[in-house]
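A.B. asks: Input file: run_19.txt. Contents: compact mmCIF, C-alpha atoms.
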```
# COMPACT_ATOMS: atom_id res chain seq x y z
CA MET A 1 108.21 127.09 107.23
CA GLU A 2 111.74 126.77 105.93
CA LYS A 3 112.43 127.77 102.36
CA GLN A 4 113.26 124.95 100.01
CA ASP A 5 115.71 124.99 97.16
CA GLY A 6 114.46 124.72 93.58
CA ALA A 7 115.02 120.99 93.28
CA SER A 8 113.17 120.25 96.51
CA ALA A 9 110.27 122.52 95.57
CA GLN A 10 110.03 120.88 92.14
CA ARG A 11 110.11 117.47 93.77
CA LEU A 12 107.19 118.32 96.03
CA VAL A 13 105.16 119.87 93.21
CA THR A 14 105.73 116.78 91.06
CA LEU A 15 104.71 114.38 93.82
CA ASP A 16 101.69 116.43 94.85
CA ALA A 17 100.48 116.84 91.27
CA LEU A 18 100.90 113.13 90.57
CA ARG A 19 98.94 112.40 93.73
CA GLY A 20 96.27 114.85 92.58
CA PHE A 21 95.90 113.08 89.26
CA ALA A 22 95.74 109.74 91.09
CA VAL A 23 93.10 110.75 93.66
CA MET A 24 90.86 112.07 90.88
CA GLY A 25 91.56 109.11 88.60
CA ILE A 26 90.89 106.45 91.22
CA LEU A 27 87.28 107.62 91.44
CA ALA A 28 86.84 106.76 87.76
CA MET A 29 86.76 103.10 88.79
CA ASN A 30 85.53 103.45 92.37
CA ILE A 31 82.40 105.17 91.11
CA VAL A 32 81.02 101.79 90.01
CA ALA A 33 81.57 100.41 93.51
CA PHE A 34 79.83 103.44 95.02
CA ALA A 35 76.84 103.29 92.67
CA MET A 36 76.29 99.57 91.97
CA PRO A 37 76.51 96.17 93.68
CA GLU A 38 80.02 94.89 94.31
CA ALA A 39 79.86 92.22 91.59
CA ALA A 40 79.31 94.94 88.98
CA TYR A 41 82.89 96.05 89.55
CA ILE A 42 84.06 92.66 88.27
CA SER A 43 81.65 92.06 85.40
CA PRO A 44 78.94 94.09 83.62
CA LYS A 45 76.96 90.88 83.30
CA ALA A 46 76.49 90.87 87.07
CA TYR A 47 74.86 94.31 86.96
CA GLY A 48 74.84 97.42 84.82
CA GLY A 49 75.71 95.92 81.45
CA GLU A 50 72.37 95.97 79.68
CA THR A 51 72.96 98.62 77.00
CA PRO A 52 75.73 99.53 74.51
CA ALA A 53 76.34 102.67 76.58
CA ASP A 54 76.81 100.52 79.69
CA LEU A 55 79.34 98.35 77.86
CA ALA A 56 81.14 101.43 76.55
CA GLY A 57 81.33 102.75 80.12
CA TRP A 58 82.70 99.41 81.29
CA ALA A 59 85.30 99.33 78.49
CA ILE A 60 86.51 102.86 79.29
CA GLY A 61 86.91 101.99 82.94
CA PHE A 62 88.54 98.60 82.43
CA ILE A 63 90.97 99.68 79.73
CA LEU A 64 92.01 103.12 80.97
CA PHE A 65 91.51 103.19 84.74
CA ASP A 66 91.01 99.81 86.42
CA GLY A 67 93.98 99.17 88.71
CA LYS A 68 96.13 101.85 87.08
CA MET A 69 95.14 104.76 89.28
CA ARG A 70 95.17 102.56 92.38
CA GLY A 71 98.62 101.41 91.27
CA LEU A 72 99.80 105.00 90.90
CA PHE A 73 98.32 105.82 94.32
CA SER A 74 100.22 102.89 95.85
CA ILE A 75 103.48 103.91 94.19
CA LEU A 76 103.09 107.44 95.49
CA PHE A 77 102.31 106.16 98.99
CA GLY A 78 105.60 104.26 99.00
CA ALA A 79 107.46 107.34 97.76
CA SER A 80 105.84 109.63 100.35
CA MET A 81 106.56 107.12 103.10
CA LEU A 82 110.26 107.10 102.20
CA LEU A 83 110.31 110.89 101.98
CA ILE A 84 108.87 111.23 105.49
CA VAL A 85 111.33 108.65 106.86
CA GLU A 86 114.25 110.56 105.35
CA ARG A 87 112.97 113.87 106.70
CA ALA A 88 112.58 112.34 110.17
CA ARG A 89 116.18 111.16 110.08
CA ALA A 90 117.42 114.53 108.84
CA SER A 91 115.69 116.30 111.74
CA GLY A 92 117.15 113.92 114.31
CA GLN A 93 113.91 112.05 115.04
CA ASP A 94 113.57 108.30 115.37
CA ALA A 95 112.31 107.28 111.92
CA ALA A 96 110.70 104.05 113.13
CA THR A 97 108.68 105.83 115.81
CA VAL A 98 107.50 108.49 113.35
CA HIS A 99 106.58 105.91 110.74
CA TYR A 100 104.77 103.39 112.90
CA ARG A 101 102.75 106.04 114.73
CA ARG A 102 101.60 107.38 111.36
CA MET A 103 100.68 103.88 110.16
CA ALA A 104 98.85 103.06 113.39
CA TRP A 105 96.63 106.13 113.09
CA LEU A 106 96.15 105.53 109.37
CA ALA A 107 94.86 102.04 110.21
CA VAL A 108 92.38 103.61 112.64
CA PHE A 109 91.21 106.04 109.96
CA GLY A 110 90.98 103.25 107.41
CA PHE A 111 88.94 100.94 109.60
CA ALA A 112 86.59 103.81 110.55
CA HIS A 113 86.26 104.66 106.85
CA TYR A 114 85.32 101.06 106.08
CA LEU A 115 82.94 100.74 108.99
CA PHE A 116 81.10 104.05 108.84
CA LEU A 117 81.32 105.16 105.21
CA TRP A 118 82.32 102.73 102.46
CA TRP A 119 83.35 99.11 102.08
CA GLY A 120 86.07 99.84 99.46
CA ASP A 121 88.60 101.44 101.84
CA ILE A 122 92.31 101.12 100.96
CA LEU A 123 93.78 103.08 103.89
CA PHE A 124 93.79 100.12 106.28
CA LEU A 125 95.55 98.09 103.59
CA TYR A 126 98.14 100.84 103.08
CA ALA A 127 98.75 101.12 106.82
CA CYS A 128 99.39 97.40 107.22
CA ILE A 129 101.56 97.05 104.12
CA GLY A 130 103.32 100.31 104.94
CA CYS A 131 104.53 98.71 108.17
CA ILE A 132 106.17 95.97 106.09
CA ALA A 133 107.55 98.34 103.45
CA PHE A 134 109.49 100.20 106.14
CA ALA A 135 111.90 97.26 106.26
CA PHE A 136 113.11 98.15 102.75
CA ARG A 137 113.74 101.85 103.41
CA ASP A 138 117.52 101.61 103.01
CA TRP A 139 117.59 99.49 99.87
CA GLU A 140 119.02 101.04 96.72
CA ALA A 141 116.73 101.56 93.75
CA ARG A 142 117.80 98.62 91.57
CA ARG A 143 117.44 96.13 94.41
CA LEU A 144 113.99 97.51 95.25
CA ILE A 145 112.88 97.12 91.63
CA ARG A 146 114.21 93.57 91.32
CA TRP A 147 112.49 92.39 94.47
CA ALA A 148 109.31 94.28 93.67
CA VAL A 149 109.02 92.67 90.25
CA GLY A 150 109.68 89.25 91.77
CA LEU A 151 107.05 89.69 94.49
CA PHE A 152 104.56 91.10 91.99
CA ALA A 153 105.13 88.12 89.69
CA LEU A 154 104.70 85.73 92.63
CA GLY A 155 101.41 87.37 93.59
CA THR A 156 100.16 87.19 90.00
CA LEU A 157 101.15 83.52 89.78
CA LEU A 158 99.41 82.62 93.04
CA MET A 159 96.19 84.39 92.00
CA THR A 160 96.36 82.72 88.58
CA LEU A 161 96.71 79.28 90.17
CA LEU A 162 94.01 79.87 92.78
CA PHE A 163 91.27 81.29 90.60
CA GLY A 164 92.45 79.59 87.42
CA ALA A 165 91.91 76.26 89.15
CA GLN A 166 88.30 77.28 89.79
CA LEU A 167 87.87 78.16 86.12
CA VAL A 168 89.30 74.83 84.99
CA LEU A 169 87.08 72.93 87.40
CA ALA A 170 83.98 74.84 86.28
CA GLN A 171 84.72 73.94 82.66
CA ALA A 172 85.20 70.30 83.65
CA ALA A 173 81.69 70.11 85.13
CA ASP A 174 80.15 69.48 81.70
CA ASP A 175 83.14 67.72 80.16
CA SER A 176 82.36 64.08 79.48
CA GLY A 177 86.08 63.32 79.48
CA ALA A 178 86.64 64.63 82.99
CA SER A 179 86.89 62.33 85.95
CA ALA A 180 83.88 62.01 88.22
CA ALA A 181 85.73 63.73 91.07
CA MET A 182 86.79 66.62 88.88
CA ALA A 183 83.30 67.05 87.42
CA ALA A 184 81.82 67.03 90.93
CA ALA A 185 84.35 69.62 92.08
CA GLY A 186 83.44 71.71 89.04
CA ARG A 187 79.75 71.56 89.90
CA ASP A 188 80.61 72.70 93.43
CA VAL A 189 82.46 75.70 92.02
CA ILE A 190 79.52 76.60 89.78
CA ALA A 191 77.12 76.23 92.69
CA GLY A 192 79.29 78.55 94.74
CA TYR A 193 78.77 81.34 92.21
CA ALA A 194 75.16 80.47 91.44
CA GLY A 195 73.87 82.74 94.18
CA LEU A 196 75.41 85.84 92.62
CA GLY A 197 72.03 87.17 91.49
CA ASP A 198 70.60 86.83 94.99
CA ALA A 199 73.63 88.65 96.42
CA VAL A 200 73.08 91.49 93.94
CA ASP A 201 69.43 91.75 94.94
CA ALA A 202 70.39 91.78 98.61
CA GLU A 203 72.89 94.60 98.04
CA LEU A 204 70.33 96.63 96.14
CA ALA A 205 67.91 96.31 99.03
CA LEU A 206 70.59 97.07 101.63
CA TYR A 207 72.10 100.17 100.03
CA ARG A 208 68.75 101.60 99.04
CA GLY A 209 67.74 101.48 102.70
CA GLY A 210 68.76 103.31 105.85
CA TYR A 211 72.13 103.81 107.49
CA LEU A 212 71.79 101.47 110.48
CA PRO A 213 71.27 98.25 108.45
CA ILE A 214 74.37 99.14 106.41
CA LEU A 215 76.37 99.70 109.59
CA ALA A 216 75.11 96.42 111.04
CA GLU A 217 76.18 94.59 107.88
CA ARG A 218 79.69 96.08 108.11
CA LEU A 219 79.95 95.17 111.79
CA GLY A 220 79.08 91.62 110.81
CA HIS A 221 81.99 91.61 108.34
CA ALA A 222 84.52 93.53 110.40
CA ASP A 223 87.29 91.18 109.24
CA THR A 224 86.96 92.33 105.62
CA PRO A 225 89.80 94.92 105.79
CA LEU A 226 92.16 92.26 107.13
CA LEU A 227 91.13 89.83 104.38
CA MET A 228 91.85 92.55 101.84
CA VAL A 229 95.35 92.88 103.28
CA LEU A 230 95.94 89.16 102.81
CA MET A 231 94.55 89.18 99.27
CA SER A 232 96.35 92.33 98.12
CA ALA A 233 99.70 92.19 99.93
CA LEU A 234 101.67 90.85 96.95
CA GLU A 235 100.29 93.60 94.75
CA THR A 236 100.47 96.56 97.14
CA LEU A 237 103.88 95.89 98.72
CA PRO A 238 105.70 95.65 95.36
CA LEU A 239 104.02 98.85 94.19
CA MET A 240 105.15 100.69 97.33
CA MET A 241 108.67 99.35 96.79
CA ILE A 242 108.59 100.59 93.21
CA GLY A 243 107.51 103.99 94.52
CA MET A 244 110.47 104.04 96.91
CA ALA A 245 112.79 103.11 94.05
CA LEU A 246 111.36 105.71 91.69
CA LEU A 247 111.76 108.41 94.34
CA ARG A 248 115.31 107.32 95.10
CA SER A 249 116.24 107.26 91.40
CA GLY A 250 114.88 110.76 90.80
CA PHE A 251 112.04 109.59 88.52
CA LEU A 252 109.21 110.89 90.71
CA ALA A 253 111.14 114.06 91.50
CA GLY A 254 111.18 114.97 87.81
CA ARG A 255 114.98 114.80 87.62
CA TRP A 256 115.29 112.52 84.60
CA GLU A 257 115.85 113.82 81.10
CA SER A 258 112.65 114.29 79.10
CA ALA A 259 113.84 111.70 76.58
CA ALA A 260 114.12 109.12 79.37
CA TYR A 261 110.51 109.71 80.42
CA ARG A 262 109.36 109.41 76.81
CA ARG A 263 111.29 106.15 76.38
CA THR A 264 109.75 104.78 79.58
CA ALA A 265 106.24 105.67 78.42
CA LEU A 266 106.80 104.16 74.96
CA ARG A 267 108.34 101.02 76.42
CA TRP A 268 105.50 100.21 78.83
CA LEU A 269 102.29 101.99 77.87
CA PRO A 270 101.60 100.57 74.36
CA PRO A 271 102.14 96.88 75.27
CA GLY A 272 100.17 97.30 78.48
CA LEU A 273 97.33 99.00 76.62
CA LEU A 274 97.31 96.32 73.90
CA LEU A 275 97.21 93.50 76.44
CA THR A 276 94.38 95.22 78.34
CA ILE A 277 92.37 95.59 75.12
CA VAL A 278 92.90 91.89 74.40
CA LEU A 279 91.64 91.01 77.89
CA ALA A 280 88.60 93.24 77.40
CA TRP A 281 87.89 91.37 74.15
CA VAL A 282 88.30 88.00 75.91
CA GLN A 283 85.67 89.02 78.44
CA TRP A 284 83.30 90.22 75.74
CA ARG A 285 83.77 87.01 73.73
CA GLY A 286 83.18 85.00 76.91
CA GLY A 287 79.87 86.74 77.52
CA PHE A 288 81.31 88.45 80.62
CA ASP A 289 81.13 85.19 82.52
CA TYR A 290 81.71 86.19 86.13
CA LEU A 291 84.35 83.56 86.92
CA LEU A 292 86.29 84.43 83.76
CA SER A 293 86.13 88.14 84.57
CA LEU A 294 87.22 87.41 88.15
CA ASN A 295 90.32 85.62 86.87
CA ILE A 296 91.15 88.52 84.60
CA PHE A 297 90.51 91.10 87.32
CA LEU A 298 92.55 89.38 90.04
CA ALA A 299 95.33 87.78 88.00
CA TRP A 300 95.62 88.01 84.23
CA ALA A 301 95.35 91.80 84.02
CA GLN A 302 98.04 92.43 86.64
CA PRO A 303 101.08 92.64 84.31
CA ALA A 304 99.26 95.02 81.96
CA ARG A 305 98.16 97.20 84.88
CA LEU A 306 101.73 97.52 86.09
CA MET A 307 103.00 98.40 82.63
CA MET A 308 100.31 101.02 82.11
CA THR A 309 100.81 102.47 85.59
CA ILE A 310 104.52 103.06 84.91
CA GLY A 311 103.71 104.48 81.48
CA TYR A 312 101.09 106.83 82.94
CA ALA A 313 103.54 107.98 85.61
CA ALA A 314 106.16 108.86 82.99
CA LEU A 315 103.67 110.80 80.85
CA LEU A 316 102.27 112.65 83.84
CA VAL A 317 105.71 113.70 85.07
CA LEU A 318 106.43 115.11 81.60
CA LEU A 319 103.11 116.94 81.64
CA ILE A 320 103.68 118.34 85.13
CA ARG A 321 107.21 119.52 84.32
CA ARG A 322 106.06 121.22 81.12
CA HIS A 323 103.22 123.09 82.83
CA ALA A 324 104.65 123.41 86.35
CA ALA A 325 104.06 127.16 86.44
CA SER A 326 100.45 126.97 85.26
CA GLY A 327 97.45 127.61 87.47
CA TRP A 328 95.78 124.31 86.63
CA ILE A 329 98.79 122.27 87.71
CA ALA A 330 98.83 124.26 90.95
CA ARG A 331 95.22 123.26 91.55
CA ILE A 332 95.93 119.59 90.82
CA ALA A 333 98.96 119.70 93.13
CA ALA A 334 96.78 121.22 95.86
CA ALA A 335 94.26 118.38 95.40
CA GLY A 336 97.17 115.97 95.81
CA GLN A 337 98.49 117.74 98.87
CA ALA A 338 95.04 117.24 100.41
CA ALA A 339 94.62 113.74 98.94
CA PHE A 340 93.67 112.17 102.28
CA SER A 341 90.85 114.68 102.80
CA ASN A 342 89.79 114.38 99.16
CA TYR A 343 89.74 110.58 99.30
CA ILE A 344 87.58 110.42 102.43
CA GLY A 345 85.53 113.40 101.27
CA THR A 346 84.74 111.60 98.03
CA SER A 347 83.36 108.65 100.00
CA LEU A 348 81.21 110.99 102.07
CA VAL A 349 79.81 112.74 99.00
CA MET A 350 79.26 109.63 96.89
CA THR A 351 77.61 107.54 99.59
CA SER A 352 75.34 110.51 100.32
CA LEU A 353 74.38 110.62 96.66
CA PHE A 354 73.89 106.92 96.06
CA TYR A 355 72.89 105.28 99.36
CA GLY A 356 69.34 105.18 100.64
CA TYR A 357 69.99 107.53 103.56
CA GLY A 358 71.00 110.16 100.98
CA LEU A 359 69.55 110.65 97.50
CA GLY A 360 69.10 106.90 96.99
CA LEU A 361 70.55 106.67 93.46
CA PHE A 362 72.14 103.26 94.10
CA GLY A 363 71.72 100.99 91.09
CA THR A 364 69.77 103.55 89.05
CA VAL A 365 72.50 105.33 87.05
CA GLY A 366 74.11 103.73 83.98
CA ARG A 367 77.85 103.19 83.74
CA LEU A 368 78.50 105.90 81.17
CA PRO A 369 76.58 108.68 82.98
CA LEU A 370 78.49 107.79 86.16
CA TYR A 371 81.49 109.58 84.66
CA LEU A 372 79.57 112.84 85.10
CA PHE A 373 79.79 112.25 88.85
CA VAL A 374 83.54 111.66 88.48
CA ILE A 375 83.92 114.95 86.62
CA GLY A 376 81.83 116.76 89.22
CA ALA A 377 83.79 115.34 92.15
CA SER A 378 87.10 116.16 90.46
CA ALA A 379 85.93 119.72 89.91
CA LEU A 380 85.08 120.00 93.60
CA MET A 381 88.57 118.79 94.57
CA LEU A 382 90.15 121.37 92.30
CA LEU A 383 87.89 124.15 93.53
CA TRP A 384 88.32 123.78 97.29
CA SER A 385 91.86 122.43 97.75
CA LYS A 386 93.91 125.40 96.55
CA PRO A 387 91.97 128.16 98.40
CA TRP A 388 92.05 126.04 101.56
CA LEU A 389 95.79 125.47 101.37
CA ALA A 390 96.36 129.15 100.69
CA ARG A 391 95.09 129.76 104.24
CA PHE A 392 96.00 126.55 106.03
CA ARG A 393 99.11 124.39 106.14
CA TYR A 394 97.29 121.08 105.66
CA GLY A 395 94.04 119.61 104.50
CA PRO A 396 91.59 118.98 107.39
CA LEU A 397 92.27 115.24 107.71
CA GLU A 398 95.97 115.67 107.00
CA TRP A 399 96.11 118.04 109.95
CA LEU A 400 94.21 115.61 112.19
CA TRP A 401 96.41 112.68 111.16
CA ARG A 402 99.58 114.70 111.73
CA SER A 403 98.39 115.94 115.14
CA LEU A 404 97.43 112.46 116.33
CA ALA A 405 100.64 110.87 115.06
CA ARG A 406 102.75 113.54 116.77
CA GLY A 407 100.69 113.55 119.95
CA ALA A 408 100.24 117.31 119.85
CA VAL A 409 98.00 119.77 118.04
CA GLN A 410 99.87 121.03 115.01
CA PRO A 411 99.77 124.65 113.82
CA MET A 412 97.10 124.88 111.16
CA ARG A 413 96.62 128.43 109.92
CA ARG A 414 99.32 130.06 107.85
CA ALA A 415 100.80 133.31 109.13
CA SER A 416 99.69 134.98 105.91
CA PRO A 417 97.90 133.77 102.77
CA ALA A 418 100.17 131.81 100.47
CA GLN A 419 101.06 133.53 97.24
```
Let me see whether you can do it: turn the structure in this file into structure tokens.
C.D. replies:
Amino acid sequence: MEKQDGASAQRLVTLDALRGFAVMGILAMNIVAFAMPEAAYISPKAYGGETPADLAGWAIGFILFDGKMRGLFSILFGASMLLIVERARASGQDAATVHYRRMAWLAVFGFAHYLFLWWGDILFLYACIGCIAFAFRDWEARRLIRWAVGLFALGTLLMTLLFGAQLVLAQAADDSGASAAMAAAGRDVIAGYAGLGDAVDAELALYRGGYLPILAERLGHADTPLLMVLMSALETLPLMMIGMALLRSGFLAGRWESAAYRRTALRWLPPGLLLTIVLAWVQWRGGFDYLLSLNIFLAWAQPARLMMTIGYAALLVLLIRRHAASGWIARIAAAGQAAFSNYIGTSLVMTSLFYGYGLGLFGTVGRLPLYLFVIGASALMLLWSKPWLARFRYGPLEWLWRSLARGAVQPMRRASPAQ
């Protein structure tokens, strides 16, 4: 491999370490989706909110992790995509061919992940939105940010109108002052969510059973990844654009002054955190009504998530720069360099622990103890990634993805162990 100058090496360490933090952090919310019925991810009232410890676990997840780590992951995907495009150009390759072949194979991986392992896949989403994001590869940073904020605001507005209308109608069902048509529409909305308990029971039975019924259920909903693309496009695309802008501006490469990172964190993290705490309180005061929580999850919490994601990114870059020479940052960077393998590997481990064809723990572990599984999985990522990458150039799935996208088997083993 060619030697890199100091700035380039620092840039890669910063990106890899950020990605390592993100791939470990994203499990802090995904763990609920691995271990409990899908509705539990939205509201503890739906499942897993019976005890003070459960509610504490929900509050930790909602306030600190929900959407923030996925947001950071999306930002880093956009940055990495731009980096690969620029490298392809620098080496004389056709950037479009390189990019779209990578996205096509990522979509295959993502759909297989959804179908055979876990319903919460984001790789198919990233592949589809990554194809769109390529169109903005030559935009300068300020233009990317302006358009990203506008698209993000549009997506938040549309979700607010769509699900907010359901909330208004549901409240009108028992309002004597509402028109007959509006009250009837409200009763229809309520009826639509009335079967939530039955859906939870069905999921408990399904995921406590064998593998083939789970596979059959996924085959019957094979359009789910595409629906996720449609629902999440105006969140994911702006985040990727922000990632491209932050790479282009030097933010993600660690090139800003420390004071600038501190100002960014102080500007966005406290207001985002305060707003998220307020939204947590609103849900608690509302008895964790599912439709209310759905509105908050899909729409009202979006601005706060974005603010906290940017604040987290600034703090993490400061942390990585300060401890760049430390062994623990090297391990986190290695976990980030093998993020694809760690992401899929986490699904394999967690479904084996919680689903019926494994240990069958689905629906039996409280929200707070679930964080022990997060800690354990993070420890595994840190333990295996660095020794592996000391001997091999890529993580296992990174190597497979690269080989398929390039149409040739890529060299895997290093000539000598990395120092």
A.B. asks: Just checking: using only C-alpha atoms, which residue out of A:Ala107, A:Leu144, A:Leu117, A:Met29 ends up closest to Trp58 of chain A?
C.D. replies: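 Closest to Trp58 of chain A, using only C-alpha atoms: A:Met29.
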A.B. asks: Which one is closest to Leu106 of chain A: A:Ala90, A:Leu239, A:Leu315, A:Cys128? Count all atoms listed in the file.
C.D. replies: A:Cys128
A.B. asks: In terms of the shortest atom-to-atom distance over all atoms listed in the file, which of A:Tyr312, A:Trp328, A:Phe134, A:Tyr114 is closest to Ala222 of chain A?
C.D. replies: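 Ranked by minimum distance to Ala222 of chain A, first place goes to A:Tyr114.
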A.B. asks: Counting all atoms listed in the file, which of A:Ile242, A:Leu157, A:Leu123, A:Met182 gets nearest to Leu82 of chain A?
C.D. replies: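 Closest residue, counting all atoms listed in the file: A:Ile242.
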A.B. asks: Can you pull out the residues contacting Asn30 of chain A? Cut-off 10 Å, using only C-alpha atoms, and skip same-chain residues under 4 positions away; I want them as a ChimeraX atom specification.
C.D. replies: /A:25-26,34-35,41,61,65-66,70,120,346-347,350,374
A.B. asks: Please list as a PyMOL selection string every residue within 6 Å of segment 336-341 of chain A, counting all atoms listed in the file and excluding residues in the same chain fewer than 6 positions away.
C.D. replies: chain A and resi 16-17+19-20+395+397
A.B. asks: Hey, what's within 9 Å of Arg262 of chain A if we count only C-alpha atoms and toss same-chain stuff fewer than 5 positions away? As a PyMOL selection string, please?
C.D. replies: chain A and resi 257+267+311+314-315+318
A.B. asks: For a quick check of understanding, using only C-alpha atoms, which of A:Leu161, A:Glu50, A:Met244, A:Ala194 has the smallest distance to Val85 of chain A?
C.D. replies: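 Closest to Val85 of chain A of all the choices is A:Met244.
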A.B. asks: With all atoms listed in the file as the counted atoms, please give the residues lying no more than 8 Å from segment 292-304 of chain A, apart from itself and same-chain residues fewer than 2 positions off, as a PyMOL selection string.
C.D. replies: chain A and resi 42-43+156-157+159-160+163-164+167+271-273+275-276+279+283+286+288-290+306-308
A.B. asks: In file coordinates, which residues lie within 8 Å of (92.4, 94.9, 105.8) using only C-alpha atoms, given as a PyMOL selection string?
C.D. replies: chain A and resi 111+122+124-125+128+223-230
A.B. asks: Restricting the calculation to all atoms listed in the file: of A:Val278, A:Trp139, A:Glu203, A:Arg146, which residue gets closest to Phe62 of chain A?
C.D. replies: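 Among the listed residues, A:Val278 lies closest to Phe62 of chain A.
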A.B. asks: List the spatial neighbours of Gly209 of chain A as a list in words - criterion: any atom at most 10 Å away, all atoms listed in the file, same-chain residues fewer than 5 positions off excluded.
C.D. replies: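 Near neighbours after the sequence-gap exclusion: Glu203, Leu204, Ile214, Tyr355, Gly356, Tyr357, Gly358, Gly360 and Phe362 of chain A.
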A.B. asks: What is the distance between atom CA of Ile31 of chain A and atom CA of Trp118 of chain A, in Å to one decimal?
C.D. replies: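 Atom-to-atom, atom CA of Ile31 of chain A to atom CA of Trp118 of chain A, that is 11.6 Å.
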A.B. asks: What's the separation between atom CA of Leu400 of chain A and atom CA of Gly243 of chain A, in Å to one decimal place?
C.D. replies: 25.0 Å
A.B. asks: Mind giving me the straight-line distance from atom CA of Asn342 of chain A to atom CA of Met381 of chain A in Å, one decimal?
C.D. replies: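 So the answer is 6.5 Å.
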